[in-house]
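Chemist: So here's my_file_3.pdb, just PDB, C-alpha atoms (C1' of nucleotides):
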MODEL        1
ATOM      1  CA  MET G   1     -64.898  -7.748  -6.464
ATOM      2  CA  ASN G   2     -66.963  -9.367  -3.758
ATOM      3  CA  PHE G   3     -68.313  -7.968  -0.537
ATOM      4  CA  PHE G   4     -65.483  -9.263   1.612
ATOM      5  CA  GLU G   5     -62.796  -7.691  -0.533
ATOM      6  CA  ARG G   6     -64.528  -4.345  -0.489
ATOM      7  CA  VAL G   7     -64.666  -4.461   3.287
ATOM      8  CA  TYR G   8     -60.956  -5.233   3.468
ATOM      9  CA  GLN G   9     -60.173  -2.479   1.012
ATOM     10  CA  ILE G  10     -61.872   0.075   3.223
ATOM     11  CA  VAL G  11     -60.362  -1.188   6.477
ATOM     12  CA  ARG G  12     -56.884  -1.055   4.972
ATOM     13  CA  LYS G  13     -57.296   2.690   4.518
ATOM     14  CA  VAL G  14     -57.839   3.326   8.209
ATOM     15  CA  PRO G  15     -54.613   4.873   9.565
ATOM     16  CA  ALA G  16     -53.028   3.900  12.868
ATOM     17  CA  GLY G  17     -54.593   5.719  15.774
ATOM     18  CA  LYS G  18     -58.007   5.843  14.092
ATOM     19  CA  VAL G  19     -60.982   3.503  14.146
ATOM     20  CA  THR G  20     -64.149   3.053  12.123
ATOM     21  CA  THR G  21     -67.398   1.189  12.683
ATOM     22  CA  TYR G  22     -69.156  -1.805  11.176
ATOM     23  CA  GLY G  23     -72.219   0.247  10.400
ATOM     24  CA  ALA G  24     -70.270   3.009   8.670
ATOM     25  CA  ILE G  25     -68.555   0.471   6.441
ATOM     26  CA  ALA G  26     -71.838  -1.242   5.643
ATOM     27  CA  ARG G  27     -73.489   2.027   4.652
ATOM     28  CA  SER G  28     -70.593   3.100   2.489
ATOM     29  CA  LEU G  29     -71.017  -0.192   0.639
ATOM     30  CA  GLY G  30     -74.694   0.481   0.118
ATOM     31  CA  THR G  31     -76.113  -1.979   2.635
ATOM     32  CA  LYS G  32     -77.470  -1.771   6.173
ATOM     33  CA  ASP G  33     -76.251  -5.185   7.069
ATOM     34  CA  ALA G  34     -73.428  -4.397   9.469
ATOM     35  CA  ARG G  35     -73.410  -8.008  10.601
ATOM     36  CA  ARG G  36     -72.049  -9.077   7.270
ATOM     37  CA  VAL G  37     -69.137  -6.677   7.714
ATOM     38  CA  GLY G  38     -68.403  -8.475  10.947
ATOM     39  CA  GLN G  39     -68.506 -11.799   9.169
ATOM     40  CA  ALA G  40     -66.006 -10.542   6.642
ATOM     41  CA  LEU G  41     -63.584  -9.445   9.329
ATOM     42  CA  HIS G  42     -64.039 -12.653  11.249
ATOM     43  CA  ALA G  43     -62.938 -14.466   8.120
ATOM     44  CA  ASN G  44     -60.088 -11.999   7.691
ATOM     45  CA  PRO G  45     -57.427 -13.828   5.670
ATOM     46  CA  ASP G  46     -54.478 -11.758   6.863
ATOM     47  CA  GLU G  47     -54.263  -9.476   9.906
ATOM     48  CA  GLY G  48     -51.025  -8.101   8.502
ATOM     49  CA  GLU G  49     -52.860  -6.529   5.585
ATOM     50  CA  VAL G  50     -56.200  -5.790   7.177
ATOM     51  CA  PRO G  51     -55.982  -3.965  10.539
ATOM     52  CA  CYS G  52     -59.281  -5.351  11.755
ATOM     53  CA  HIS G  53     -58.597  -4.269  15.330
ATOM     54  CA  ARG G  54     -59.399  -0.731  14.163
ATOM     55  CA  VAL G  55     -63.040  -1.625  13.626
ATOM     56  CA  VAL G  56     -65.443  -1.213  16.534
ATOM     57  CA  ASP G  57     -69.213  -1.046  16.849
ATOM     58  CA  LYS G  58     -71.297   2.106  16.782
ATOM     59  CA  ASP G  59     -70.759   2.841  20.482
ATOM     60  CA  GLY G  60     -67.018   2.421  20.188
ATOM     61  CA  ARG G  61     -67.268  -0.908  21.915
ATOM     62  CA  LEU G  62     -64.651  -3.538  21.081
ATOM     63  CA  ALA G  63     -65.672  -6.867  19.613
ATOM     64  CA  PRO G  64     -66.463  -9.163  22.562
ATOM     65  CA  ASN G  65     -65.249 -12.131  20.612
ATOM     66  CA  PHE G  66     -62.552 -10.441  18.602
ATOM     67  CA  ALA G  67     -60.273 -13.198  17.351
ATOM     68  CA  PHE G  68     -58.199 -14.282  14.455
ATOM     69  CA  SER G  69     -59.995 -17.285  13.142
ATOM     70  CA  THR G  70     -58.151 -17.192   9.866
ATOM     71  CA  LYS G  71     -56.651 -20.580  10.479
ATOM     72  CA  GLY G  72     -59.937 -22.062  11.509
ATOM     73  CA  ARG G  73     -59.898 -21.222  15.204
ATOM     74  CA  SER G  74     -59.725 -18.143  17.375
ATOM     75  CA  ALA G  75     -56.318 -17.357  18.772
ATOM     76  CA  PHE G  76     -57.604 -15.556  21.859
ATOM     77  CA  GLY G  77     -60.384 -17.728  23.133
ATOM     78  CA  GLY G  78     -63.253 -15.591  24.378
ATOM     79  CA  ASP G  79     -61.092 -12.671  25.512
ATOM     80  CA  GLY G  80     -59.930 -11.446  22.160
ATOM     81  CA  TRP G  81     -61.129  -7.907  22.874
ATOM     82  CA  GLN G  82     -58.250  -7.571  25.334
ATOM     83  CA  GLU G  83     -55.791  -8.091  22.520
ATOM     84  CA  GLN G  84     -57.732  -5.649  20.380
ATOM     85  CA  ARG G  85     -57.555  -3.063  23.187
ATOM     86  CA  ARG G  86     -53.799  -3.480  23.562
ATOM     87  CA  ARG G  87     -53.214  -2.896  19.870
ATOM     88  CA  LEU G  88     -55.301   0.245  19.866
ATOM     89  CA  LEU G  89     -53.591   1.612  22.971
ATOM     90  CA  ALA G  90     -50.250   0.968  21.299
ATOM     91  CA  GLU G  91     -51.382   3.225  18.453
ATOM     92  CA  GLY G  92     -52.354   6.008  20.830
ATOM     93  CA  VAL G  93     -56.117   5.465  20.807
ATOM     94  CA  LYS G  94     -57.792   6.679  23.987
ATOM     95  CA  PHE G  95     -60.528   4.830  25.812
ATOM     96  CA  ARG G  96     -63.579   6.081  27.634
ATOM     97  CA  ASP G  97     -63.433   2.954  29.737
ATOM     98  CA  VAL G  98     -61.853  -0.444  29.542
ATOM     99  CA  ILE G  99     -63.840  -1.571  26.527
ATOM    100  CA  HIS G 100     -65.081   1.612  24.825
ATOM    101  CA  VAL G 101     -62.927   3.619  22.426
ATOM    102  CA  ASP G 102     -63.233   7.411  22.506
ATOM    103  CA  LEU G 103     -64.959   7.745  19.146
ATOM    104  CA  SER G 104     -65.194  11.561  19.312
ATOM    105  CA  LYS G 105     -61.419  11.702  18.961
ATOM    106  CA  HIS G 106     -60.598   8.666  16.866
ATOM    107  CA  LEU G 107     -63.477   7.955  14.526
ATOM    108  CA  TRP G 108     -62.210   7.785  10.957
ATOM    109  CA  LYS G 109     -64.479   9.261   8.327
ATOM    110  CA  LEU G 110     -64.890   6.955   5.351
ATOM    111  CA  GLU G 111     -64.315   8.389   1.937
TER     112      GLU G 111
ATOM    113  C1'  DC C 112     -84.733 -27.446   2.586
ATOM    114  C1'  DC C 113     -85.111 -24.990   6.885
ATOM    115  C1'  DG C 114     -84.085 -23.186  11.179
ATOM    116  C1'  DA C 115     -80.348 -21.295  14.048
ATOM    117  C1'  DT C 116     -76.499 -18.245  14.345
ATOM    118  C1'  DG C 117     -73.704 -14.105  14.267
ATOM    119  C1'  DA C 118     -66.814  -9.171  14.949
ATOM    120  C1'  DC C 119     -74.256  -5.258  14.270
ATOM    121  C1'  DG C 120     -77.827  -1.481  14.825
ATOM    122  C1'  DC C 121     -81.986   0.666  16.129
ATOM    123  C1'  DG C 122     -86.252   1.396  18.373
ATOM    124  C1'  DC C 123     -88.960   0.509  22.778
ATOM    125  C1'  DC C 124     -89.764  -0.093  27.414
TER     126       DC C 124
ATOM    127  C1'  DG O 125     -78.822   3.039  31.308
ATOM    128  C1'  DG O 126     -79.695  -2.038  30.787
ATOM    129  C1'  DG O 127     -82.414  -5.466  28.535
ATOM    130  C1'  DC O 128     -85.311  -7.227  24.770
ATOM    131  C1'  DG O 129     -87.098  -7.734  20.126
ATOM    132  C1'  DC O 130     -86.682  -7.346  15.286
ATOM    133  C1'  DG O 131     -84.421  -6.514  10.774
ATOM    134  C1'  DC O 132     -80.546  -7.727   8.174
ATOM    135  C1'  DC O 133     -78.548 -11.870   5.027
ATOM    136  C1'  DA O 134     -74.624 -15.281   4.166
ATOM    137  C1'  DT O 135     -73.299 -19.546   6.393
ATOM    138  C1'  DC O 136     -73.808 -23.649   8.864
ATOM    139  C1'  DG O 137     -75.807 -27.989  10.750
TER     140       DG O 137
ENDMDL
END
Rewrite the structure from the file as structure tokens, please.

Modeler:
Amino acid sequence: MNFFERVYQIVRKVPAGKVTTYGAIARSLGTKDARRVGQALHANPDEGEVPCHRVVDKDGRLAPNFAFSTKGRSAFGGDGWQEQRRRLLAEGVKFRDVIHVDLSKHLWKLE
DNA sequence: CCGATGACGCGCC
DNA sequence: GGGCGCGCCATCG
């Protein structure tokens, strides 16, 4: 099982209304390279199976260039984080401000 | 082959 | 707090 698959496996376990962070995932995989986790999600093969909008950075900030590039291009241009925010709000996630998730209430602890 | 890049994070100023 | 530099390492040009 490669790195990407392991990232997806973890993200799939995050329940609706909860979020996790790139760094937390990286550490649970035994690496400090959070950037590679981001790469994996950017190459996310199927949003339906991997709820990548539930992954934020360590400050709860949404991905500035969040986008589904699975088909080779981003579907939301440079404002993908807006789509990410909508999805989280729809799941009941609260925000500290327009782009920061309230981690103290929604951070999901990895197994 | 090599340098630049990036859905990140942390330490310093 | 905002901005900058560096480490990280697979990919890309």

Chemist: Can you tell me, as number ranges by chain, what residues are no more than 10 Å from DG114 (chain C) when counting only C-alpha atoms (C1' of nucleotides), ignoring any on the same chain fewer than 2 positions away?

Modeler: C: 112, 116; O: 137

Chemist: Would you kindly report the residues of chain C within 9 Å of chain G, using only C-alpha atoms (C1' of nucleotides), as a list in words?

Modeler: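 Output check: DG117, DA118, DC119 and DG120 of chain C.
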
Chemist: Take the PyMOL selection byres ((chain O) within 10 of (chain G)), apply it to the structure above, and return the hits as number ranges by chain.

Modeler: O: 131-135

Chemist: Measure the distance from CA of Gly60 (chain G) to CA of Asp102 (chain G) in Å and round it to one decimal.

Modeler: 6.7 Å

Chemist: In Å to one decimal, how far is CA of Lys105 (chain G) from CA of Gly80 (chain G)?

Modeler: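 Distance between the two atoms: 23.4 Å.
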
Chemist: Once the PyMOL selection byres ((chain O and resi 128) around 10) is applied to the coordinates I shared, what remains selected? I want it as a VMD selection string.

Modeler: (chain C and resid 123 to 124) or (chain O and resid 126 to 127 129 to 130)

Chemist: Residues at most 8 Å from region 89-93 of chain G, counting all atoms listed in the file, excluding those fewer than 3 positions away in the same chain, as an MDAnalysis selection string?

Modeler: chainID G and resid 16:18 85:86 101:102 106

Chemist: Extract chain O from the preceding block and save N, CA, C and O atoms (P, O5', C5', C4', C3', O3' and C1' of nucleotides) as a CSV table (one decimal), in the first residue's frame.

Modeler:
chain,number,residue,atom,x,y,z
O,125,DG,P,-3.1,35.7,16.5
O,125,DG,O5',-2.2,37.0,16.3
O,125,DG,C5',-3.0,38.2,16.2
O,125,DG,C4',-2.4,39.1,15.1
O,125,DG,C3',-2.2,38.3,13.8
O,125,DG,O3',-2.4,39.2,12.7
O,125,DG,C1',-0.1,39.1,14.5
O,126,DG,P,-2.6,38.5,11.2
O,126,DG,O5',-1.4,39.0,10.4
O,126,DG,C5',-1.1,40.4,10.4
O,126,DG,C4',0.1,40.7,9.6
O,126,DG,C3',0.3,39.8,8.3
O,126,DG,O3',0.9,40.6,7.3
O,126,DG,C1',2.0,39.2,9.8
O,127,DG,P,1.3,39.9,5.9
O,127,DG,O5',2.8,39.6,6.0
O,127,DG,C5',3.7,40.7,6.5
O,127,DG,C4',5.1,40.2,6.4
O,127,DG,C3',5.4,39.4,5.2
O,127,DG,O3',6.7,39.7,4.6
O,127,DG,C1',5.9,38.1,7.1
O,128,DC,P,7.3,39.0,3.3
O,128,DC,O5',8.4,38.1,4.0
O,128,DC,C5',9.2,38.6,5.0
O,128,DC,C4',10.4,37.6,5.3
O,128,DC,C3',10.8,36.7,4.2
O,128,DC,O3',12.2,36.6,4.1
O,128,DC,C1',10.1,35.4,6.0
O,129,DG,P,12.9,35.7,3.0
O,129,DG,O5',13.5,34.5,3.8
O,129,DG,C5',14.1,34.7,5.1
O,129,DG,C4',14.6,33.4,5.7
O,129,DG,C3',15.0,32.4,4.7
O,129,DG,O3',16.2,31.7,5.2
O,129,DG,C1',13.2,31.5,5.9
O,130,DC,P,17.0,30.6,4.3
O,130,DC,O5',16.5,29.2,4.9
O,130,DC,C5',16.6,29.1,6.3
O,130,DC,C4',16.1,27.7,6.7
O,130,DC,C3',16.4,26.6,5.7
O,130,DC,O3',16.8,25.5,6.4
O,130,DC,C1',14.1,26.7,6.0
O,131,DG,P,17.4,24.2,5.8
O,131,DG,O5',16.4,23.1,6.1
O,131,DG,C5',16.1,22.8,7.5
O,131,DG,C4',14.9,21.8,7.6
O,131,DG,C3',15.1,20.6,6.6
O,131,DG,O3',14.8,19.4,7.3
O,131,DG,C1',13.1,21.7,6.2
O,132,DC,P,15.2,18.0,6.6
O,132,DC,O5',13.8,17.6,5.9
O,132,DC,C5',12.7,17.2,6.7
O,132,DC,C4',11.4,17.1,5.8
O,132,DC,C3',11.7,16.3,4.6
O,132,DC,O3',11.2,14.9,4.7
O,132,DC,C1',10.4,18.3,4.1
O,133,DC,P,12.1,13.7,4.1
O,133,DC,O5',11.5,13.7,2.7
O,133,DC,C5',10.1,13.3,2.5
O,133,DC,C4',9.8,13.5,1.0
O,133,DC,C3',10.8,12.9,0.0
O,133,DC,O3',10.1,12.4,-1.1
O,133,DC,C1',10.4,15.1,-0.5
O,134,DA,P,10.3,11.0,-1.7
O,134,DA,O5',9.2,10.9,-2.9
O,134,DA,C5',7.9,11.0,-2.4
O,134,DA,C4',7.0,11.7,-3.5
O,134,DA,C3',7.2,11.2,-4.9
O,134,DA,O3',5.9,11.2,-5.5
O,134,DA,C1',7.8,13.5,-4.8
O,135,DT,P,5.8,10.5,-7.0
O,135,DT,O5',5.4,11.8,-7.9
O,135,DT,C5',5.9,13.1,-7.5
O,135,DT,C4',5.2,14.2,-8.3
O,135,DT,C3',5.3,13.9,-9.8
O,135,DT,O3',4.3,14.7,-10.4
O,135,DT,C1',6.8,15.6,-9.2
O,136,DC,P,4.2,14.6,-12.1
O,136,DC,O5',4.9,16.0,-12.5
O,136,DC,C5',4.7,17.2,-11.7
O,136,DC,C4',5.3,18.4,-12.4
O,136,DC,C3',5.4,18.3,-13.9
O,136,DC,O3',5.2,19.6,-14.5
O,136,DC,C1',7.5,18.5,-13.0
O,137,DG,P,5.2,19.8,-16.1
O,137,DG,O5',6.5,20.6,-16.4
O,137,DG,C5',6.7,21.9,-15.8
O,137,DG,C4',7.9,22.5,-16.2
O,137,DG,C3',8.1,22.4,-17.8
O,137,DG,O3',8.9,23.5,-18.2
O,137,DG,C1',9.8,21.2,-16.7
